[in-house]
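See below for model-v4.pdb, which holds PDB, C-alpha atoms and all ligand atoms.
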```
ATOM      1  CA  MET A 232      96.669 116.865  58.242
ATOM      2  CA  SER A 233      97.252 119.860  60.541
ATOM      3  CA  LYS A 234      94.142 121.271  62.243
ATOM      4  CA  ARG A 235      96.130 124.284  63.486
ATOM      5  CA  LEU A 236      96.702 125.549  59.968
ATOM      6  CA  SER A 237      93.181 124.949  58.705
ATOM      7  CA  GLY A 238      91.467 128.045  57.363
ATOM      8  CA  LYS A 239      94.623 130.174  57.399
ATOM      9  CA  THR A 240      95.457 132.778  54.786
ATOM     10  CA  ILE A 241      99.080 132.394  53.765
ATOM     11  CA  VAL A 242     101.282 134.583  51.560
ATOM     12  CA  ILE A 243     104.422 133.040  50.086
ATOM     13  CA  THR A 244     106.924 135.187  48.194
ATOM     14  CA  GLY A 245     109.049 133.556  45.515
ATOM     15  CA  ALA A 246     106.483 130.768  45.088
ATOM     16  CA  SER A 247     107.270 130.192  41.407
ATOM     17  CA  SER A 248     110.187 127.815  42.041
ATOM     18  CA  GLY A 249     112.394 126.021  44.561
ATOM     19  CA  ILE A 250     111.665 126.373  48.262
ATOM     20  CA  GLY A 251     108.712 128.757  47.821
ATOM     21  CA  ARG A 252     106.946 126.507  45.347
ATOM     22  CA  SER A 253     107.467 123.436  47.532
ATOM     23  CA  THR A 254     106.266 125.342  50.585
ATOM     24  CA  ALA A 255     103.005 126.193  48.822
ATOM     25  CA  VAL A 256     102.486 122.535  47.884
ATOM     26  CA  GLU A 257     103.354 121.361  51.404
ATOM     27  CA  PHE A 258     100.899 123.759  53.105
ATOM     28  CA  ALA A 259      98.175 122.609  50.713
ATOM     29  CA  ARG A 260      98.925 118.907  51.267
ATOM     30  CA  THR A 261      99.135 119.247  55.034
ATOM     31  CA  SER A 262      96.151 121.517  55.665
ATOM     32  CA  PRO A 263      93.761 121.317  52.729
ATOM     33  CA  ASP A 264      90.858 122.448  54.900
ATOM     34  CA  ASN A 265      89.738 125.955  53.780
ATOM     35  CA  LEU A 266      93.301 127.126  53.313
ATOM     36  CA  LYS A 267      93.828 130.308  51.298
ATOM     37  CA  LEU A 268      97.199 130.453  49.561
ATOM     38  CA  ILE A 269      98.458 133.633  47.931
ATOM     39  CA  LEU A 270     101.383 132.742  45.698
ATOM     40  CA  THR A 271     103.580 135.635  44.611
ATOM     41  CA  ALA A 272     106.616 136.080  42.353
ATOM     42  CA  ARG A 273     107.510 137.915  39.159
ATOM     43  CA  ARG A 274     106.818 134.967  36.790
ATOM     44  CA  ILE A 275     103.028 134.914  36.744
ATOM     45  CA  ASP A 276     102.725 132.076  34.189
ATOM     46  CA  THR A 277     104.798 129.792  36.397
ATOM     47  CA  LEU A 278     102.734 130.754  39.441
ATOM     48  CA  LYS A 279      99.557 129.860  37.557
ATOM     49  CA  GLN A 280     101.048 126.425  36.804
ATOM     50  CA  VAL A 281     101.855 125.916  40.486
ATOM     51  CA  ALA A 282      98.283 126.906  41.376
ATOM     52  CA  GLU A 283      96.911 124.393  38.854
ATOM     53  CA  GLU A 284      99.155 121.605  40.223
ATOM     54  CA  ILE A 285      97.945 122.294  43.754
ATOM     55  CA  LYS A 286      94.303 122.284  42.694
ATOM     56  CA  LYS A 287      94.799 119.005  40.838
ATOM     57  CA  GLU A 288      96.431 117.420  43.864
ATOM     58  CA  VAL A 289      94.237 118.611  46.733
ATOM     59  CA  GLY A 290      91.021 119.771  45.067
ATOM     60  CA  ASP A 291      88.849 122.726  45.995
ATOM     61  CA  GLY A 292      89.516 122.710  49.758
ATOM     62  CA  VAL A 293      92.386 125.104  49.094
ATOM     63  CA  LYS A 294      91.854 128.463  47.397
ATOM     64  CA  VAL A 295      94.982 129.451  45.475
ATOM     65  CA  LEU A 296      95.565 132.969  44.209
ATOM     66  CA  PRO A 297      98.617 133.552  41.987
ATOM     67  CA  ILE A 298      99.670 137.220  42.043
ATOM     68  CA  GLN A 299     102.497 138.835  40.109
ATOM     69  CA  LEU A 300     104.576 140.790  42.595
ATOM     70  CA  ASP A 301     108.127 142.064  42.548
ATOM     71  CA  VAL A 302     109.045 142.442  46.231
ATOM     72  CA  SER A 303     111.802 144.904  45.401
ATOM     73  CA  GLN A 304     109.229 147.436  44.127
ATOM     74  CA  PRO A 305     107.782 149.296  47.152
ATOM     75  CA  ASP A 306     104.770 150.594  45.160
ATOM     76  CA  GLN A 307     103.789 147.086  44.119
ATOM     77  CA  VAL A 308     104.112 145.836  47.694
ATOM     78  CA  ARG A 309     102.125 148.786  49.074
ATOM     79  CA  ASN A 310      99.221 148.020  46.723
ATOM     80  CA  PHE A 311      99.466 144.269  47.140
ATOM     81  CA  ILE A 312      97.158 143.567  50.110
ATOM     82  CA  PRO A 313      94.598 146.348  49.456
ATOM     83  CA  SER A 314      94.106 145.034  45.913
ATOM     84  CA  LEU A 315      93.467 141.429  46.998
ATOM     85  CA  PRO A 316      89.879 140.145  47.038
ATOM     86  CA  GLN A 317      88.379 140.985  50.455
ATOM     87  CA  GLU A 318      88.399 137.367  51.673
ATOM     88  CA  PHE A 319      92.217 137.186  51.198
ATOM     89  CA  GLN A 320      93.123 140.459  52.933
ATOM     90  CA  GLN A 321      93.471 139.186  56.508
ATOM     91  CA  ILE A 322      96.938 137.601  56.412
ATOM     92  CA  ASP A 323      97.722 134.881  58.989
ATOM     93  CA  ILE A 324     101.136 133.757  57.760
ATOM     94  CA  LEU A 325     103.764 135.464  55.617
ATOM     95  CA  VAL A 326     106.624 133.337  54.292
ATOM     96  CA  ASN A 327     109.324 135.773  53.191
ATOM     97  CA  ASN A 328     111.168 133.450  50.840
ATOM     98  CA  ALA A 329     111.935 135.483  47.673
ATOM     99  CA  GLY A 330     115.656 135.942  47.312
ATOM    100  CA  LEU A 331     118.449 135.727  44.832
ATOM    101  CA  VAL A 332     122.152 135.863  44.259
ATOM    102  CA  LYS A 333     123.800 137.638  41.339
ATOM    103  CA  GLY A 334     127.313 136.679  40.292
ATOM    104  CA  VAL A 335     130.050 135.115  42.385
ATOM    105  CA  ASP A 336     132.540 137.949  42.148
ATOM    106  CA  LYS A 337     134.980 139.075  44.804
ATOM    107  CA  ALA A 338     133.719 142.133  46.706
ATOM    108  CA  GLY A 339     136.001 144.527  44.853
ATOM    109  CA  ASP A 340     134.595 143.409  41.487
ATOM    110  CA  VAL A 341     130.845 143.065  42.090
ATOM    111  CA  ASN A 342     129.044 145.436  39.784
ATOM    112  CA  GLU A 343     126.747 148.121  41.128
ATOM    113  CA  ASP A 344     123.600 146.688  39.478
ATOM    114  CA  ASP A 345     124.128 143.261  41.042
ATOM    115  CA  ILE A 346     124.636 144.824  44.475
ATOM    116  CA  ARG A 347     121.455 146.831  44.091
ATOM    117  CA  VAL A 348     119.328 143.888  42.874
ATOM    118  CA  MET A 349     120.494 141.613  45.712
ATOM    119  CA  TRP A 350     119.943 144.290  48.315
ATOM    120  CA  ASP A 351     116.600 145.495  46.938
ATOM    121  CA  THR A 352     115.255 141.940  46.796
ATOM    122  CA  ASN A 353     116.764 140.129  49.767
ATOM    123  CA  VAL A 354     116.680 143.006  52.248
ATOM    124  CA  HIS A 355     114.341 145.828  51.148
ATOM    125  CA  GLY A 356     111.929 143.337  49.584
ATOM    126  CA  LEU A 357     111.671 141.346  52.784
ATOM    127  CA  ILE A 358     111.240 144.503  54.857
ATOM    128  CA  ASN A 359     108.599 145.851  52.435
ATOM    129  CA  MET A 360     106.618 142.614  52.642
ATOM    130  CA  THR A 361     106.925 142.464  56.422
ATOM    131  CA  GLN A 362     105.525 145.983  56.790
ATOM    132  CA  ALA A 363     102.628 145.168  54.478
ATOM    133  CA  ALA A 364     101.771 141.951  56.341
ATOM    134  CA  LEU A 365     102.118 143.600  59.758
ATOM    135  CA  GLN A 366      99.486 146.172  58.785
ATOM    136  CA  SER A 367      97.075 143.329  58.110
ATOM    137  CA  MET A 368      98.096 141.238  61.159
ATOM    138  CA  ARG A 369      97.816 144.194  63.539
ATOM    139  CA  THR A 370      94.099 144.527  62.813
ATOM    140  CA  ARG A 371      93.435 141.122  64.426
ATOM    141  CA  GLY A 372      92.715 140.931  68.163
ATOM    142  CA  GLU A 373      93.961 143.459  70.695
ATOM    143  CA  SER A 374      97.633 143.446  69.798
ATOM    144  CA  GLY A 375      97.674 141.657  66.461
ATOM    145  CA  GLN A 376      98.128 138.040  65.483
ATOM    146  CA  GLY A 377     100.025 136.118  62.808
ATOM    147  CA  ASP A 378     103.290 134.482  61.785
ATOM    148  CA  ILE A 379     106.181 135.938  59.828
ATOM    149  CA  ILE A 380     108.588 133.247  58.664
ATOM    150  CA  ASN A 381     111.771 134.497  57.040
ATOM    151  CA  ILE A 382     114.028 132.345  54.904
ATOM    152  CA  GLY A 383     117.576 133.399  55.718
ATOM    153  CA  SER A 384     120.655 131.323  54.955
ATOM    154  CA  ILE A 385     123.779 129.871  56.479
ATOM    155  CA  ALA A 386     125.331 132.696  54.405
ATOM    156  CA  GLY A 387     123.907 135.146  56.958
ATOM    157  CA  ARG A 388     125.960 133.478  59.700
ATOM    158  CA  GLU A 389     129.289 132.989  57.924
ATOM    159  CA  GLY A 390     130.752 134.553  54.804
ATOM    160  CA  TYR A 391     132.234 132.749  51.826
ATOM    161  CA  PRO A 392     134.591 134.081  49.152
ATOM    162  CA  GLY A 393     132.661 135.426  46.175
ATOM    163  CA  GLY A 394     129.472 135.800  48.199
ATOM    164  CA  SER A 395     130.131 138.952  50.198
ATOM    165  CA  ILE A 396     127.053 140.931  49.109
ATOM    166  CA  TYR A 397     124.692 137.972  49.297
ATOM    167  CA  CYS A 398     126.092 137.008  52.722
ATOM    168  CA  ALA A 399     125.738 140.593  53.954
ATOM    169  CA  SER A 400     122.133 140.691  52.720
ATOM    170  CA  LYS A 401     121.288 137.496  54.602
ATOM    171  CA  ALA A 402     123.032 138.800  57.736
ATOM    172  CA  ALA A 403     120.770 141.850  57.446
ATOM    173  CA  VAL A 404     117.752 139.536  57.255
ATOM    174  CA  ARG A 405     118.973 137.796  60.389
ATOM    175  CA  THR A 406     119.326 140.908  62.531
ATOM    176  CA  PHE A 407     116.111 142.429  61.164
ATOM    177  CA  THR A 408     114.259 139.230  62.077
ATOM    178  CA  ASP A 409     115.741 139.160  65.566
ATOM    179  CA  ALA A 410     114.902 142.828  66.176
ATOM    180  CA  ILE A 411     111.268 142.592  65.088
ATOM    181  CA  ARG A 412     110.743 139.369  67.018
ATOM    182  CA  ARG A 413     111.760 141.303  70.151
ATOM    183  CA  GLU A 414     109.641 144.325  69.168
ATOM    184  CA  LEU A 415     106.579 142.111  68.842
ATOM    185  CA  ILE A 416     107.111 140.023  71.976
ATOM    186  CA  ALA A 417     104.062 141.512  73.715
ATOM    187  CA  THR A 418     101.787 140.640  70.791
ATOM    188  CA  ARG A 419     100.500 137.389  69.292
ATOM    189  CA  ILE A 420     102.607 137.933  66.175
ATOM    190  CA  ARG A 421     105.397 135.349  65.992
ATOM    191  CA  VAL A 422     108.567 136.034  64.013
ATOM    192  CA  MET A 423     110.691 133.081  62.964
ATOM    193  CA  GLU A 424     113.703 132.410  60.767
ATOM    194  CA  ILE A 425     114.829 129.289  58.971
ATOM    195  CA  ASP A 426     118.374 129.276  57.632
ATOM    196  CA  PRO A 427     118.973 126.561  55.034
ATOM    197  CA  GLY A 428     122.348 125.155  54.110
ATOM    198  CA  GLN A 429     122.752 123.818  50.573
ATOM    199  CA  VAL A 430     119.455 123.205  48.802
ATOM    200  CA  GLU A 431     119.312 122.117  45.184
ATOM    201  CA  THR A 432     117.072 124.617  43.337
ATOM    202  CA  GLU A 433     117.294 127.004  40.336
ATOM    203  CA  PHE A 434     119.308 129.242  42.683
ATOM    204  CA  SER A 435     122.091 126.622  42.884
ATOM    205  CA  VAL A 436     122.859 126.914  39.165
ATOM    206  CA  VAL A 437     121.963 130.597  38.620
ATOM    207  CA  ARG A 438     124.593 131.678  41.094
ATOM    208  CA  PHE A 439     127.248 130.083  38.886
ATOM    209  CA  GLY A 440     125.980 131.884  35.798
ATOM    210  CA  GLY A 441     124.153 128.738  34.635
ATOM    211  CA  ASP A 442     127.268 126.498  34.860
ATOM    212  CA  LYS A 443     125.883 123.247  36.308
ATOM    213  CA  SER A 444     129.317 121.624  36.636
ATOM    214  CA  LYS A 445     130.444 124.459  38.938
ATOM    215  CA  ALA A 446     127.225 124.127  40.936
ATOM    216  CA  ASP A 447     127.707 120.358  41.248
ATOM    217  CA  ALA A 448     131.307 120.868  42.446
ATOM    218  CA  VAL A 449     129.977 122.737  45.497
ATOM    219  CA  TYR A 450     127.979 119.658  46.486
ATOM    220  CA  LYS A 451     131.012 117.330  46.457
ATOM    221  CA  GLY A 452     130.602 114.875  49.328
ATOM    222  CA  VAL A 453     127.209 116.302  50.254
ATOM    223  CA  THR A 454     123.733 115.266  49.206
ATOM    224  CA  PRO A 455     122.064 118.675  49.134
ATOM    225  CA  LEU A 456     118.695 119.266  50.728
ATOM    226  CA  THR A 457     115.661 119.232  48.496
ATOM    227  CA  PRO A 458     113.258 122.204  48.506
ATOM    228  CA  GLU A 459     110.766 119.835  50.155
ATOM    229  CA  ASP A 460     113.081 119.477  53.178
ATOM    230  CA  ILE A 461     112.807 123.217  53.830
ATOM    231  CA  ALA A 462     109.103 123.305  52.931
ATOM    232  CA  GLU A 463     108.411 120.669  55.588
ATOM    233  CA  THR A 464     110.368 122.754  58.100
ATOM    234  CA  VAL A 465     108.343 125.887  57.292
ATOM    235  CA  VAL A 466     105.066 124.034  57.748
ATOM    236  CA  PHE A 467     106.380 122.468  60.970
ATOM    237  CA  VAL A 468     107.245 125.823  62.589
ATOM    238  CA  ALA A 469     103.970 127.404  61.440
ATOM    239  CA  GLY A 470     102.061 124.504  62.985
ATOM    240  CA  ARG A 471     103.558 124.830  66.504
ATOM    241  CA  PRO A 472     101.131 125.790  69.263
ATOM    242  CA  GLU A 473     100.707 129.520  69.737
ATOM    243  CA  ASN A 474     102.935 129.647  72.836
ATOM    244  CA  VAL A 475     105.892 128.185  70.923
ATOM    245  CA  VAL A 476     108.124 130.250  68.682
ATOM    246  CA  VAL A 477     110.890 128.607  66.670
ATOM    247  CA  ALA A 478     112.899 131.809  66.602
ATOM    248  CA  ASP A 479     115.864 130.525  64.704
ATOM    249  CA  MET A 480     116.599 127.244  62.955
ATOM    250  CA  LEU A 481     119.603 126.104  60.902
ATOM    251  CA  VAL A 482     118.855 123.223  58.518
ATOM    252  CA  PHE A 483     121.838 121.546  56.868
ATOM    253  CA  PRO A 484     122.322 118.536  54.660
ATOM    254  CA  ASN A 485     124.315 115.970  56.590
ATOM    255  CA  HIS A 486     128.077 116.272  55.844
ATOM    256  CA  GLN A 487     127.909 120.000  54.918
ATOM    257  CA  ALA A 488     130.836 121.657  56.673
TER     258      ALA A 488
HETATM  259  P1  LIG A 501     114.923 129.775  43.468
HETATM  260  O1  LIG A 501     115.760 130.575  42.533
HETATM  261  O2  LIG A 501     114.405 128.478  43.009
HETATM  262  O3  LIG A 501     113.674 130.643  43.979
HETATM  263  C1  LIG A 501     113.757 132.015  44.248
HETATM  264  C2  LIG A 501     112.367 132.606  44.170
HETATM  265  O4  LIG A 501     112.441 133.995  44.463
HETATM  266  C3  LIG A 501     111.749 132.445  42.801
HETATM  267  O5  LIG A 501     110.427 132.011  42.947
HETATM  268  C4  LIG A 501     111.778 133.857  42.238
HETATM  269  O6  LIG A 501     110.636 134.037  41.416
HETATM  270  C5  LIG A 501     111.676 134.679  43.504
HETATM  271  N1  LIG A 501     112.159 136.041  43.355
HETATM  272  C6  LIG A 501     113.402 136.467  43.057
HETATM  273  N2  LIG A 501     113.434 137.791  42.998
HETATM  274  C7  LIG A 501     112.179 138.228  43.269
HETATM  275  C8  LIG A 501     111.569 139.494  43.361
HETATM  276  N3  LIG A 501     112.254 140.637  43.147
HETATM  277  N4  LIG A 501     110.262 139.573  43.683
HETATM  278  C9  LIG A 501     109.549 138.446  43.895
HETATM  279  N5  LIG A 501     110.050 137.221  43.809
HETATM  280  C10 LIG A 501     111.357 137.114  43.502
HETATM  281  O7  LIG A 501     115.820 129.612  44.754
HETATM  282  P2  LIG A 501     115.548 128.962  46.219
HETATM  283  O8  LIG A 501     114.249 128.316  46.291
HETATM  284  O9  LIG A 501     116.770 128.196  46.531
HETATM  285  O10 LIG A 501     115.575 130.284  47.104
HETATM  286  C11 LIG A 501     114.556 130.620  48.027
HETATM  287  C12 LIG A 501     115.175 131.321  49.213
HETATM  288  O11 LIG A 501     116.036 130.417  49.882
HETATM  289  C13 LIG A 501     116.029 132.540  48.860
HETATM  290  O12 LIG A 501     115.763 133.574  49.779
HETATM  291  C14 LIG A 501     117.452 132.031  49.017
HETATM  292  O13 LIG A 501     118.326 133.078  49.322
HETATM  293  C15 LIG A 501     117.273 131.052  50.168
HETATM  294  N6  LIG A 501     118.313 130.055  50.299
HETATM  295  C16 LIG A 501     118.578 129.161  49.297
HETATM  296  C17 LIG A 501     119.586 128.215  49.468
HETATM  297  C18 LIG A 501     119.960 127.238  48.394
HETATM  298  O14 LIG A 501     120.995 126.566  48.532
HETATM  299  N7  LIG A 501     119.169 127.069  47.343
HETATM  300  C19 LIG A 501     120.376 128.146  50.723
HETATM  301  C20 LIG A 501     119.974 129.106  51.714
HETATM  302  C21 LIG A 501     118.978 130.016  51.503
HETATM  303  P3  LIG A 501     110.552 134.936  40.107
HETATM  304  O15 LIG A 501     111.834 134.773  39.367
HETATM  305  O16 LIG A 501     109.366 134.358  39.384
HETATM  306  O17 LIG A 501     110.301 136.307  40.609
END
```
Just dump the structure as structure tokens.
Amino acid sequence: MSKRLSGKTIVITGASSGIGRSTAVEFARTSPDNLKLILTARRIDTLKQVAEEIKKEVGDGVKVLPIQLDVSQPDQVRNFIPSLPQEFQQIDILVNNAGLVKGVDKAGDVNEDDIRVMWDTNVHGLINMTQAALQSMRTRGESGQGDIINIGSIAGREGYPGGSIYCASKAAVRTFTDAIRRELIATRIRVMEIDPGQVETEFSVVRFGGDKSKADAVYKGVTPLTPEDIAETVVFVAGRPENVVVADMLVFPNHQA
């Protein structure tokens, strides 16, 4: 059980499945002492199920609030924190995890809608959420206090054929994260990025248009990470003492090239 995380108010985007869902469960398991978890995604029914599972597992020590939120919609994000119950409005930790990939087409063939959805979600969505959380974090102490933890990807460090737009979006996340970490150096707001390699989630199959055999082919010779592997990493970096910032972390399954 982590004392450092006790009593924190944590927002997780994309908490309805995969890494985000596991991260919510891991925070609750590790720090069930007065934690406030705000779980966000578009699928509200799934979020409510996650909230129920957490309550069943850890009891009433954790307050869980499922909120329907599409990060790509600036109006929704703008209204998000002001419309929370008062006791949830002071955000300590934001996990910017929501993200998606659409299609695996070569750059010349990617359709305009897919480009827009990937960019609006992975880049604008993450920036929108960061601005909203910063407003809340800046009200704490003299210079502000809190943690912003961004889920990037190995795809932001190296491109792969068929993934140009997704890779570019994750590279944007990477440089945005680096820039704001430097901007906020004089404050008590930490900015961190975790870049996973292959993780088996809904994402793994969706990106091949639902074709599981194609998804499995990518994992040949590799046992992919589980969402829990990344969830444990998120909770680890959030739990470091205040003078430590894990600015940048690449987490691979062994044998991934
Ligand atoms: P999942 O598809 O399981 O989860 C993605 C989550 O993002 C879902 O909860 C989804 O919820 C949410 N989401 C998507 N679009 C939006 C939106 N517009 N607004 C709010 N929430 C949204 O995939 P992962 O868990 O694998 O992905 C999580 C993150 O990890 C992503 O950023 C992904 O790019 C990154 N990543 C994944 C890797 C992998 O191999 N799986 C490797 C490297 C990075 P809902 O549909 O309910 O809105």
Please return the centre and edge lengths, in Å to one decimal, of a box with edges along x, y and z that contains all listed atoms of ligand LIG 501 (chain A), widened by 5 Å on every side, as AutoDock Vina command-line options.
```
--center_x 115.2 --center_y 133.6 --center_z 45.5 --size_x 21.6 --size_y 24.1 --size_z 22.3
```
Checklist entry - Which residue out of A:Ile241, A:Leu268, A:Leu415, A:Val449 has the minimum interatomic distance to ligand LIG 501 (chain A) when all atoms listed in the file are used? => result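 Answer, going by the shortest atom-to-atom distance: A:Val449.
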Checklist entry - Could you spell out the hits of the PyMOL selection byres (((not hetatm)) within 6 of (chain A and resi 501)) on the shown file, as a PyMOL selection string? => result chain A and resi 244-251+272-274+300-303+328-331+352+382-384+427-435
Checklist entry - Between A:Asp426, A:Asp351, A:Asp409, A:Glu459, which has the minimum distance to Ile396 (chain A) (counting only C-alpha atoms)? => result A:Asp351
Next on the checklist: Report as a PyMOL selection string all protein, DNA and RNA residues lying within 12 Å of region 314-318 of chain A, evaluated on only C-alpha atoms, omitting residues in the same chain fewer than 4 positions from it.
Outcome noted: chain A and resi 238-242+265-271+294-300+307-310+322+367
Given the file shown, determine the residues that the PyMOL selection byres (((chain A and resi 339-350) around 9) and not hetatm) selects; report them as a short mmCIF file (atom, residue, chain, number, x, y, z; two decimals) with C-alpha atoms, in the coordinates of the input.
```
data_model
loop_
_atom_site.label_atom_id
_atom_site.label_comp_id
_atom_site.auth_asym_id
_atom_site.auth_seq_id
_atom_site.Cartn_x
_atom_site.Cartn_y
_atom_site.Cartn_z
CA SER A 303 111.80 144.90 45.40
CA GLY A 330 115.66 135.94 47.31
CA LEU A 331 118.45 135.73 44.83
CA VAL A 332 122.15 135.86 44.26
CA LYS A 333 123.80 137.64 41.34
CA GLY A 334 127.31 136.68 40.29
CA VAL A 335 130.05 135.12 42.38
CA ASP A 336 132.54 137.95 42.15
CA LYS A 337 134.98 139.07 44.80
CA ALA A 338 133.72 142.13 46.71
CA ASP A 351 116.60 145.50 46.94
CA THR A 352 115.26 141.94 46.80
CA ASN A 353 116.76 140.13 49.77
CA VAL A 354 116.68 143.01 52.25
CA HIS A 355 114.34 145.83 51.15
CA GLY A 356 111.93 143.34 49.58
CA GLY A 393 132.66 135.43 46.18
CA ILE A 396 127.05 140.93 49.11
CA TYR A 397 124.69 137.97 49.30
CA ALA A 399 125.74 140.59 53.95
CA SER A 400 122.13 140.69 52.72
#
```
Item to check | Result set, the PyMOL selection byres (((chain A and resi 423) around 8) and not hetatm) on current file, as a ChimeraX atom specification | outcome: /A:378-381,408,412,421-422,424-425,476-479
Item to check | Between CA of Val482 (chain A) and CA of Gly394 (chain A) - distance in Å to one decimal | outcome: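 Interatomic distance here is 19.4 Å.
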Item to check | Separation of CA of Ala488 (chain A) from CA of Val466 (chain A), in Å and rounded to one decimal | outcome: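 A separation of 25.9 Å between them.
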Next on the checklist: Please report the interatomic distance between CA of Gly290 (chain A) and CA of Ile324 (chain A) in Å with one decimal.
Outcome noted: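 Computed distance, CA of Gly290 (chain A) to CA of Ile324 (chain A), equals 21.4 Å.
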Next on the checklist: Using all atoms listed in the file for the distances, tell me which of A:Ser444, A:Gln362, A:Gln280, A:Asn327 is nearest to Ile411 (chain A).
Outcome noted: A:Gln362
Item to check | Among listed residues A:Arg413, A:Arg252, A:Lys443, A:Arg260, nearest Val281 (chain A) (using only C-alpha atoms) | outcome: A:Arg252
